[in-house]
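S.K.: Dropping in input-v4.txt, with compact mmCIF, C-alpha atoms.
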```txt
# COMPACT_ATOMS: atom_id res chain seq x y z
CA MET A 1 11.04 -9.11 -27.81
CA GLU A 2 7.74 -10.90 -27.65
CA ARG A 3 5.00 -8.60 -26.53
CA SER A 4 1.57 -9.92 -25.71
CA GLU A 5 -1.48 -8.48 -24.01
CA TRP A 6 -2.52 -9.78 -20.63
CA PRO A 7 -5.70 -11.90 -20.89
CA LEU A 8 -9.08 -10.33 -20.15
CA TRP A 9 -11.08 -11.29 -17.03
CA GLU A 10 -14.72 -10.69 -16.15
CA VAL A 11 -15.25 -9.51 -12.58
CA PHE A 12 -18.21 -10.44 -10.36
CA ILE A 13 -18.73 -8.87 -6.95
CA ARG A 14 -21.02 -9.80 -4.08
CA SER A 15 -21.99 -6.54 -2.45
CA GLN A 16 -23.28 -8.13 0.77
CA HIS A 17 -23.89 -11.54 2.26
CA GLY A 18 -27.03 -13.17 0.96
CA LEU A 19 -26.92 -11.43 -2.43
CA ALA A 20 -25.65 -13.01 -5.63
CA HIS A 21 -22.37 -12.05 -7.26
CA LYS A 22 -23.05 -9.43 -9.90
CA HIS A 23 -21.04 -8.63 -13.01
CA VAL A 24 -19.34 -5.27 -12.59
CA GLY A 25 -16.90 -5.08 -15.49
CA SER A 26 -13.71 -6.53 -16.86
CA LEU A 27 -9.97 -6.01 -16.58
CA HIS A 28 -6.59 -7.31 -17.76
CA ALA A 29 -4.29 -9.38 -15.55
CA PRO A 30 -1.46 -11.86 -16.13
CA ASP A 31 -3.12 -14.65 -14.10
CA ALA A 32 -6.10 -15.42 -11.84
CA GLU A 33 -4.44 -14.37 -8.59
CA MET A 34 -3.41 -10.99 -9.98
CA ALA A 35 -6.86 -10.62 -11.53
CA ILE A 36 -8.38 -10.93 -8.03
CA LYS A 37 -5.92 -8.34 -6.69
CA ASN A 38 -6.56 -5.95 -9.58
CA ALA A 39 -10.31 -6.42 -9.18
CA ARG A 40 -9.96 -5.54 -5.51
CA ASP A 41 -8.13 -2.34 -6.42
CA VAL A 42 -10.22 -1.34 -9.42
CA TYR A 43 -13.73 -2.31 -8.31
CA THR A 44 -13.89 -2.36 -4.48
CA ARG A 45 -12.20 0.95 -3.60
CA ARG A 46 -15.44 2.38 -2.27
CA ASN A 47 -16.45 -0.49 -0.06
CA GLU A 48 -18.51 -2.22 -2.75
CA GLY A 49 -17.92 -5.84 -1.92
CA VAL A 50 -17.45 -8.77 0.42
CA SER A 51 -16.46 -11.34 -2.20
CA ILE A 52 -14.94 -11.32 -5.68
CA TRP A 53 -15.06 -13.83 -8.53
CA VAL A 54 -12.96 -13.53 -11.66
CA VAL A 55 -13.58 -15.60 -14.79
CA PRO A 56 -11.46 -15.65 -17.95
CA SER A 57 -13.53 -13.79 -20.55
CA SER A 58 -12.65 -16.53 -23.03
CA ALA A 59 -14.55 -19.03 -20.84
CA ILE A 60 -17.85 -17.21 -21.31
CA THR A 61 -20.20 -18.31 -24.08
CA ALA A 62 -22.63 -15.58 -25.08
CA THR A 63 -25.75 -15.31 -27.20
CA ALA A 64 -25.20 -13.69 -30.58
CA PRO A 65 -26.69 -10.20 -30.96
CA GLY A 66 -28.18 -11.31 -34.29
CA ALA A 67 -30.17 -14.07 -32.61
CA LYS A 68 -32.23 -11.53 -30.61
CA GLU A 69 -35.37 -11.94 -32.72
CA SER A 70 -35.59 -15.69 -32.49
CA LEU A 71 -34.48 -15.93 -28.86
CA PHE A 72 -36.20 -13.09 -27.06
CA GLU A 73 -38.95 -11.53 -29.13
CA PRO A 74 -41.36 -14.50 -28.95
CA ALA A 75 -41.68 -13.88 -25.18
CA ASN A 76 -42.92 -10.32 -25.77
CA SER A 77 -46.38 -11.48 -26.80
CA LYS A 78 -46.84 -13.86 -23.89
CA VAL A 79 -47.57 -11.46 -21.06
CA TYR A 80 -49.76 -14.12 -19.38
CA ARG A 81 -46.55 -15.78 -18.23
CA HIS A 82 -46.16 -13.04 -15.63
CA PRO A 83 -47.49 -14.19 -12.26
CA THR A 84 -49.58 -10.98 -11.93
CA PHE A 85 -52.26 -12.70 -14.03
CA PHE A 86 -53.16 -15.05 -11.22
CA PRO A 87 -55.49 -13.41 -8.66
CA MET A 88 -54.40 -14.12 -5.11
CA PRO A 89 -57.01 -14.84 -2.41
CA ASP A 90 -57.30 -11.90 0.01
CA ALA A 91 -56.36 -14.11 2.94
CA VAL A 92 -52.92 -14.74 1.54
CA LYS A 93 -50.59 -12.04 2.69
CA HIS A 94 -46.95 -11.07 2.08
CA ILE A 95 -46.67 -12.23 -1.50
CA MET B 1 0.01 19.77 36.95
CA PRO B 2 3.35 20.86 35.49
CA SER B 3 5.02 18.07 33.55
CA SER B 4 8.35 16.77 34.72
CA THR B 5 11.57 16.96 32.71
CA SER B 6 11.43 13.25 31.98
CA ASP B 7 7.89 13.55 30.62
CA VAL B 8 9.06 16.35 28.33
CA ASN B 9 11.99 14.25 27.12
CA ARG B 10 9.75 11.29 26.55
CA ASP B 11 7.32 13.37 24.47
CA ARG B 12 10.21 14.73 22.45
CA GLN B 13 11.47 11.21 21.75
CA ARG B 14 8.00 10.01 20.95
CA PHE B 15 7.60 12.92 18.53
CA ASP B 16 10.84 11.99 16.83
CA TYR B 17 9.82 8.33 16.55
CA VAL B 18 6.34 9.04 15.19
CA LEU B 19 7.83 11.46 12.68
CA ARG B 20 10.04 8.68 11.27
CA LEU B 21 7.00 6.53 10.63
CA ALA B 22 5.17 9.46 9.02
CA ASP B 23 8.10 10.50 6.84
CA SER B 24 8.73 7.03 5.42
CA ASP B 25 5.04 6.71 4.53
CA LEU B 26 4.92 10.15 2.95
CA VAL B 27 8.12 9.90 0.92
CA LEU B 28 7.22 6.45 -0.45
CA ALA B 29 3.72 7.67 -1.30
CA GLN B 30 5.25 10.57 -3.23
CA ARG B 31 7.45 8.12 -5.16
CA LEU B 32 4.47 5.90 -5.97
CA GLY B 33 2.55 8.98 -7.08
CA GLU B 34 5.21 9.50 -9.76
CA TRP B 35 3.89 6.34 -11.44
CA VAL B 36 0.42 7.85 -11.97
CA GLY B 37 -0.31 7.74 -15.68
CA HIS B 38 2.91 5.80 -16.34
CA GLY B 39 2.02 2.33 -14.97
CA PRO B 40 2.61 -0.66 -17.26
CA ALA B 41 -1.17 -1.24 -17.46
CA LEU B 42 -4.22 0.74 -16.41
CA GLU B 43 -5.07 -1.81 -13.71
CA GLU B 44 -1.55 -1.66 -12.32
CA ASP B 45 -1.60 2.13 -12.37
CA ILE B 46 -4.74 2.15 -10.22
CA ALA B 47 -3.48 -0.57 -7.89
CA LEU B 48 -0.14 1.09 -7.20
CA THR B 49 -1.79 4.45 -6.66
CA ASN B 50 -4.08 2.80 -4.11
CA VAL B 51 -1.01 1.71 -2.17
CA GLY B 52 0.31 5.27 -2.31
CA LEU B 53 -2.99 6.67 -1.09
CA ASP B 54 -3.06 4.18 1.79
CA LEU B 55 0.39 5.40 2.80
CA ILE B 56 -0.66 9.06 2.64
CA GLY B 57 -3.61 8.23 4.88
CA GLN B 58 -1.27 6.57 7.35
CA ALA B 59 1.20 9.47 7.17
CA ARG B 60 -1.61 11.89 8.02
CA LEU B 61 -2.51 9.93 11.16
CA TRP B 62 1.13 9.89 12.28
CA PHE B 63 1.65 13.60 11.47
CA ALA B 64 -1.48 14.57 13.39
CA TYR B 65 -0.22 12.68 16.44
CA ALA B 66 3.29 14.13 16.02
CA GLY B 67 1.78 17.63 16.08
CA GLU B 68 -0.04 16.85 19.32
CA LEU B 69 3.13 15.49 20.90
CA GLU B 70 5.07 18.57 19.78
CA ALA B 71 2.49 20.83 21.41
CA ARG B 72 3.17 19.13 24.74
CA PHE B 73 6.87 20.02 24.87
CA ALA B 74 7.13 23.01 22.50
CA GLY B 75 3.99 24.91 23.47
CA ALA B 76 2.58 24.68 19.94
CA GLY B 77 2.53 21.78 17.55
CA ARG B 78 2.85 22.01 13.79
CA SER B 79 -0.02 21.06 11.49
CA GLU B 80 0.10 18.03 9.17
CA ASP B 81 0.77 20.33 6.22
CA ALA B 82 3.52 22.25 7.99
CA LEU B 83 5.29 19.01 8.87
CA ALA B 84 4.95 17.63 5.36
CA PHE B 85 5.63 20.70 3.25
CA LEU B 86 7.73 23.10 5.28
CA ARG B 87 10.65 20.98 6.46
CA ASP B 88 13.91 20.63 4.53
CA SER B 89 15.55 17.32 3.71
CA GLY B 90 17.85 17.46 6.77
CA GLU B 91 14.76 17.44 8.98
CA PHE B 92 13.21 14.41 7.29
CA ARG B 93 13.56 11.14 9.18
CA ASN B 94 12.47 8.64 6.54
CA LEU B 95 14.36 5.48 5.58
CA LEU B 96 16.87 5.91 2.74
CA LEU B 97 15.19 2.98 0.99
CA VAL B 98 11.93 4.80 0.30
CA GLU B 99 13.53 7.89 -1.26
CA GLN B 100 15.33 5.84 -3.95
CA PRO B 101 14.09 6.59 -7.50
CA ASN B 102 11.39 4.45 -9.10
CA GLY B 103 13.68 3.06 -11.83
CA ASN B 104 11.92 0.33 -13.84
CA TYR B 105 9.00 -1.68 -12.49
CA ALA B 106 11.31 -4.28 -11.00
CA ASP B 107 13.14 -1.54 -9.07
CA THR B 108 9.85 -0.17 -7.76
CA MET B 109 8.67 -3.63 -6.74
CA ALA B 110 11.95 -4.57 -5.04
CA ARG B 111 11.80 -1.34 -3.00
CA GLN B 112 8.17 -2.08 -2.18
CA LEU B 113 8.84 -5.70 -1.18
CA TYR B 114 11.65 -4.72 1.21
CA PHE B 115 9.60 -1.92 2.74
CA ASP B 116 6.21 -3.67 2.91
CA THR B 117 7.65 -6.78 4.55
CA TRP B 118 9.39 -4.66 7.20
CA HIS B 119 6.38 -2.37 7.60
CA ARG B 120 4.01 -5.31 8.16
CA LEU B 121 6.23 -6.79 10.88
CA LEU B 122 6.77 -3.41 12.54
CA LEU B 123 3.10 -2.45 12.65
CA ALA B 124 2.20 -5.88 14.06
CA GLU B 125 4.59 -5.17 16.95
CA LEU B 126 3.32 -1.62 17.42
CA THR B 127 -0.27 -2.80 17.87
CA GLY B 128 0.96 -3.84 21.32
CA SER B 129 2.44 -0.42 22.11
CA THR B 130 1.75 0.99 25.59
CA ASP B 131 0.99 4.27 23.80
CA ALA B 132 -2.69 3.81 22.90
CA ARG B 133 -2.54 6.17 19.92
CA ILE B 134 0.42 4.35 18.38
CA ALA B 135 -1.30 1.00 18.93
CA GLU B 136 -4.50 2.29 17.36
CA ILE B 137 -2.86 3.73 14.23
CA ALA B 138 -0.72 0.60 13.82
CA ALA B 139 -3.81 -1.62 13.95
CA LYS B 140 -5.59 0.40 11.28
CA ALA B 141 -2.53 0.65 9.02
CA GLY B 142 -1.63 -3.01 9.54
CA LYS B 143 -4.62 -4.27 7.57
CA GLU B 144 -3.69 -2.14 4.58
CA VAL B 145 -0.04 -3.06 4.75
CA THR B 146 -0.77 -6.80 4.90
CA TYR B 147 -2.29 -6.40 1.45
CA HIS B 148 0.60 -4.23 0.20
CA ALA B 149 3.05 -6.95 1.24
CA GLU B 150 1.07 -9.66 -0.54
CA ARG B 151 0.92 -7.57 -3.67
CA SER B 152 4.59 -6.68 -3.88
CA ALA B 153 5.53 -10.32 -3.19
CA SER B 154 3.23 -11.44 -6.03
CA TRP B 155 4.99 -9.11 -8.44
CA VAL B 156 8.51 -10.04 -7.40
CA ILE B 157 7.63 -13.73 -7.82
CA ARG B 158 6.09 -13.17 -11.25
CA LEU B 159 8.92 -11.01 -12.57
CA GLY B 160 11.64 -13.20 -11.04
CA ASP B 161 10.08 -16.41 -12.31
CA GLY B 162 9.03 -14.85 -15.63
CA SER B 163 11.06 -14.33 -18.80
CA ASP B 164 14.88 -14.26 -18.88
CA GLU B 165 14.76 -10.49 -19.20
CA SER B 166 12.35 -9.93 -16.31
CA HIS B 167 14.37 -12.34 -14.16
CA ASP B 168 17.59 -10.42 -14.79
CA LYS B 169 15.99 -7.04 -14.14
CA MET B 170 14.35 -8.30 -10.94
CA GLN B 171 17.61 -9.77 -9.64
CA ALA B 172 19.45 -6.52 -10.45
CA ALA B 173 16.83 -4.49 -8.56
CA ILE B 174 16.96 -6.82 -5.54
CA ASP B 175 20.77 -6.52 -5.50
CA ASP B 176 20.91 -2.74 -6.05
CA LEU B 177 18.55 -1.84 -3.20
CA TRP B 178 19.93 -4.36 -0.71
CA MET B 179 22.36 -1.86 0.82
CA TYR B 180 19.43 0.31 1.94
CA THR B 181 17.83 -2.49 3.98
CA GLY B 182 20.42 -2.46 6.78
CA GLU B 183 19.11 0.64 8.54
CA LEU B 184 15.63 -0.86 8.77
CA PHE B 185 16.97 -2.97 11.62
CA VAL B 186 19.39 -0.63 13.41
CA PRO B 187 17.74 1.06 16.39
CA ASP B 188 19.18 4.30 17.75
CA ALA B 189 19.13 5.53 21.36
CA THR B 190 15.67 7.08 21.00
CA GLU B 191 14.19 3.85 19.75
CA LEU B 192 15.83 1.73 22.44
CA VAL B 193 14.61 3.94 25.29
CA LEU B 194 11.07 3.95 23.90
CA ALA B 195 11.23 0.20 23.24
CA GLN B 196 12.18 -0.44 26.86
CA GLU B 197 8.99 1.28 27.93
CA GLY B 198 6.95 -0.70 25.43
CA ILE B 199 6.12 2.41 23.40
CA ALA B 200 8.22 1.66 20.31
CA CYS B 201 9.69 -1.49 18.83
CA ASP B 202 13.39 -2.37 18.83
CA ALA B 203 13.82 -2.73 15.06
CA SER B 204 16.64 -5.26 15.41
CA THR B 205 14.10 -7.81 16.69
CA LEU B 206 12.33 -7.73 13.31
CA LEU B 207 15.35 -8.93 11.32
CA PRO B 208 14.98 -12.75 11.64
CA ALA B 209 11.33 -12.72 10.54
CA TRP B 210 12.11 -10.27 7.72
CA ARG B 211 14.99 -12.36 6.39
CA GLU B 212 12.88 -15.50 6.54
CA ALA B 213 9.99 -13.88 4.65
CA ILE B 214 12.26 -12.27 2.03
CA GLY B 215 14.22 -15.52 1.63
CA ALA B 216 11.03 -17.53 0.99
CA ILE B 217 9.73 -15.01 -1.56
CA LEU B 218 13.03 -14.71 -3.43
CA THR B 219 13.38 -18.51 -3.53
CA GLU B 220 9.92 -18.86 -5.00
CA ALA B 221 10.87 -16.12 -7.47
CA THR B 222 13.98 -18.15 -8.49
CA LEU B 223 16.11 -15.21 -7.32
CA SER B 224 19.11 -15.30 -5.03
CA VAL B 225 19.27 -13.46 -1.72
CA PRO B 226 22.05 -10.83 -1.86
CA ASP B 227 24.96 -11.57 0.47
CA ALA B 228 26.56 -8.10 0.51
CA THR B 229 27.06 -6.85 4.06
CA TRP B 230 27.95 -3.17 3.54
CA MET B 231 24.93 -1.05 4.35
CA GLN B 232 24.01 2.63 3.92
CA GLN B 233 22.63 4.46 6.95
CA GLY B 234 21.50 7.94 7.91
CA GLY B 235 17.74 8.38 7.43
CA LYS B 236 16.97 8.57 11.14
CA ARG B 237 19.56 11.33 11.60
CA GLY B 238 18.40 13.31 8.57
CA VAL B 239 21.45 12.32 6.47
CA HIS B 240 19.91 11.43 3.12
CA THR B 241 20.91 10.39 -0.38
CA GLU B 242 20.90 13.09 -3.05
CA HIS B 243 17.50 11.90 -4.26
CA LEU B 244 15.45 13.24 -1.34
CA GLY B 245 16.10 16.92 -2.08
CA HIS B 246 14.76 16.58 -5.62
CA LEU B 247 11.72 14.66 -4.40
CA LEU B 248 10.93 17.32 -1.79
CA ALA B 249 11.36 20.14 -4.31
CA THR B 250 8.65 18.56 -6.45
CA MET B 251 6.43 17.76 -3.48
CA GLN B 252 6.77 21.06 -1.63
CA TRP B 253 7.03 23.74 -4.32
CA LEU B 254 3.37 24.73 -4.20
CA GLN B 255 3.30 25.37 -0.44
CA ARG B 256 6.67 27.11 -0.69
CA ALA B 257 5.59 29.33 -3.62
CA TYR B 258 2.11 30.03 -2.27
CA PRO B 259 2.34 29.68 1.52
CA GLY B 260 -0.91 28.60 3.13
CA ALA B 261 -2.60 27.84 -0.20
CA GLN B 262 -5.70 25.69 0.30
CA TRP B 263 -7.08 23.08 -2.08
```
In structure tokens, how does this file's structure come out?
M.R.:
Amino acid sequence: MERSEWPLWEVFIRSQHGLAHKHVGSLHAPDAEMAIKNARDVYTRRNEGVSIWVVPSSAITATAPGAKESLFEPANSKVYRHPTFFPMPDAVKHI
Amino acid sequence: MPSSTSDVNRDRQRFDYVLRLADSDLVLAQRLGEWVGHGPALEEDIALTNVGLDLIGQARLWFAYAGELEARFAGAGRSEDALAFLRDSGEFRNLLLVEQPNGNYADTMARQLYFDTWHRLLLAELTGSTDARIAEIAAKAGKEVTYHAERSASWVIRLGDGSDESHDKMQAAIDDLWMYTGELFVPDATELVLAQEGIACDASTLLPAWREAIGAILTEATLSVPDATWMQQGGKRGVHTEHLGHLLATMQWLQRAYPGAQW
């Protein structure tokens, strides 16, 4: 008998209207429709969401952990890129 | 104001009817609970348990109302726990279908498909009940059951239209449980009287929609609809298959051994 694992899916949930979908975890399911159903049962039992996305994990391209130095460290020394370095005129409110 | 004899009779019938709904929910939930830790995948284990928990929640609402109805004609009504844990199998009014053993996953899903499809149609009718409590509980439960029905249909379609082995097991399960579907649509005197007053639903009216829904799902699943006509009956009268006694022994032993024990 052929025995194969169900594919892995990444689950994204929108917790309320107006917010972006956020990654909450992953799960196994035989196909997209069942992945949505499983996500509903595994990740929204406590009223966490109003919308679910599932994406095959194999469709995600990720940065390599080893590339951390070249990709992210250079930004560490460039604090002036934060907007807090620009003084705002007192008259401008709510920013 | 003293209640008339006909009011008392009506409350007694209503109690009996509500108890049937509660018992079918409870017994099926107990069966689904047997899958905890044994599901074919972690995700499936959680999902099926969710269905069971939904049904326990619904059973509690029906039991609470049954207790109130009982108080009206018997002086005192039993608690949810007393109704669930201190009645013997002859006093249970659940459908024979829901007490059938879990078997393999195809058996569990065939049982679920038959029940969920019927349950969804029944609750939709009961939302129009002239008894406000019944209508209210049916509306709340209906949303959950709509999802249950979608889920069990999805599984039957995937197993039926899957490998040769899953197809054969699914067809066998559909065939084996068919004889327990007859009583879902046979109303007794209690049901007919209550249906006339708009309190309950005459179950025979659900059959065409049920057959149509089941037919469409089985066709999509590349399965054939059983054509056997001999049907088992007895749940509403408390005449059960041998499986219920064993199920109740497991479910009730704690309250029987330690009466009044609290969680």
S.K.: Quick check, in Å to one decimal: how far apart do CA of Gly128 in chain B and CA of Arg111 in chain B lie?
M.R.: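 Going from CA of Gly128 in chain B over to CA of Arg111 in chain B covers 26.7 Å.
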S.K.: Could you tell me which of B:Thr222, B:Thr146, B:Thr127, B:Thr190 comes closest to Leu159 in chain B if we count only C-alpha atoms?
M.R.: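 The shortest atom-to-atom distance to Leu159 in chain B comes from B:Thr222.
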S.K.: Can you write out as a Markdown table which residues of chain A fall within 8 Å of chain B, alongside each residue's closest atom pair and its distance in Å to one decimal, counting all atoms listed in the file and ordering rows by chain and ascending residue number?
M.R.:
```
| residue | atom | partner | partner_atom | distance |
| --- | --- | --- | --- | --- |
| A:Leu27 | CA | B:Glu43 | CA | 7.1 |
| A:His28 | CA | B:Glu43 | CA | 7.0 |
| A:Ala29 | CA | B:Glu43 | CA | 7.8 |
| A:Met34 | CA | B:Ser154 | CA | 7.7 |
| A:Lys37 | CA | B:Arg151 | CA | 7.5 |
| A:Asn38 | CA | B:Glu43 | CA | 6.0 |
| A:Asp41 | CA | B:Ala47 | CA | 5.2 |
| A:Val42 | CA | B:Ile46 | CA | 6.5 |
```
S.K.: Report, in Å to a single decimal, how far apart CA of Asp164 in chain B and CA of Val98 in chain B are.
M.R.: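 Straight-line distance from CA of Val98 in chain B to CA of Asp164 in chain B works out to 27.2 Å.
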S.K.: If you measure from CA of Met170 in chain B to CA of Ile56 in chain B, what distance in Å do you get, rounded to one decimal?
M.R.: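 About the pair CA of Met170 in chain B and CA of Ile56 in chain B: they are 26.7 Å apart.
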S.K.: Which residue, B:Asp107, B:Glu191, B:Asp161, B:Glu125, has the smallest gap to Asp176 in chain B when you use all atoms listed in the file?
M.R.: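 When distances to Asp176 in chain B are compared using all atoms listed in the file, the smallest one comes from B:Asp107.
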S.K.: Residues within 8 Å of range 88-95 of chain B, please, as a PyMOL selection string. Count all atoms listed in the file; anything in the same chain fewer than 5 positions from it doesn't count.
M.R.: chain B and resi 19-25+27+183-184+234-240+244-245+248
S.K.: Would you pick out the contacts of Gln255 in chain B at 12 Å or less, using only C-alpha atoms, so that residues sharing its chain but fewer than 2 positions from it are not included, and give the list as number ranges by chain?
M.R.: B: 81-87, 248-253, 257-263
S.K.: Can you pull out the residues contacting Arg14 in chain B? Cut-off 9 Å, using all atoms listed in the file, and skip same-chain residues under 3 positions away; I want them as a list in words.
M.R.: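 Listing them by chain and then by number gives Asn9, Arg10, Asp11, Tyr17, Val18, Leu19, Ala66, Leu69, Thr190, Glu191, Leu194, Ile199 and Ala200 of chain B.
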S.K.: Nearest to Leu121 in chain B: which of B:Val145, B:Ile174, B:Leu61, B:Leu97 is it, counting only C-alpha atoms?
M.R.: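 With only C-alpha atoms as the atom set, the closest residue is B:Val145.
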S.K.: Counting all atoms listed in the file, which residues have an atom no more than 12 Å from (-19.3, -3.4, -2.5) in the file's coordinates? Please list them as a ChimeraX atom specification.
M.R.: /A:12-17,19-24,39-52
S.K.: Every residue with an atom at most 8 Å from (19.3, 0.6, -0.9) (file coordinates; all atoms listed in the file) is what I'm after, so could you write them as a list in words?
M.R.: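 Counting all atoms listed in the file, I find these residues within 8 Å of (19.3, 0.6, -0.9): Leu96, Leu97, Gln100, Asp176, Leu177, Trp178, Met179, Tyr180, Thr181, Met231 and Gln232 of chain B.
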S.K.: May I ask which of the residues A:Pro89, A:Pro83, A:Pro56, A:Gly18 is the closest one to Ile36 in chain A, counting all atoms listed in the file?
M.R.: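 Going through A:Pro89, A:Pro83, A:Pro56, A:Gly18 one by one, the smallest distance to Ile36 in chain A is for A:Pro56.
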S.K.: Because the input lacks atoms here, generate N, CA and C atoms for range 67-79 of chain B and report them as a compact mmCIF listing (two decimals), in the coordinates of the input.
M.R.:
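Final file, part_7.txt:
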```txt
# COMPACT_ATOMS: atom_id res chain seq x y z
N GLY B 67 2.10 16.25 15.75
CA GLY B 67 1.78 17.63 16.08
C GLY B 67 1.28 17.78 17.51
N GLU B 68 0.47 16.81 17.94
CA GLU B 68 -0.04 16.85 19.32
C GLU B 68 1.08 16.66 20.33
N LEU B 69 1.99 15.73 20.00
CA LEU B 69 3.13 15.49 20.90
C LEU B 69 4.01 16.73 20.98
N GLU B 70 4.22 17.37 19.83
CA GLU B 70 5.07 18.57 19.78
C GLU B 70 4.48 19.68 20.65
N ALA B 71 3.15 19.79 20.62
CA ALA B 71 2.49 20.83 21.41
C ALA B 71 2.77 20.64 22.90
N ARG B 72 2.96 19.39 23.31
CA ARG B 72 3.17 19.13 24.74
C ARG B 72 4.51 19.65 25.23
N PHE B 73 5.55 19.58 24.39
CA PHE B 73 6.87 20.02 24.87
C PHE B 73 7.32 21.36 24.27
N ALA B 74 6.68 21.77 23.15
CA ALA B 74 7.13 23.01 22.50
C ALA B 74 6.11 24.14 22.64
N GLY B 75 5.00 23.86 23.31
CA GLY B 75 3.99 24.91 23.47
C GLY B 75 2.98 24.87 22.34
N ALA B 76 3.48 24.79 21.09
CA ALA B 76 2.58 24.68 19.94
C ALA B 76 3.09 23.57 19.03
N GLY B 77 2.14 22.85 18.46
CA GLY B 77 2.53 21.78 17.55
C GLY B 77 2.24 22.18 16.12
N ARG B 78 3.07 21.68 15.19
CA ARG B 78 2.85 22.01 13.79
C ARG B 78 1.70 21.19 13.21
N SER B 79 1.07 21.76 12.17
CA SER B 79 -0.02 21.06 11.49
C SER B 79 0.56 19.96 10.60
```
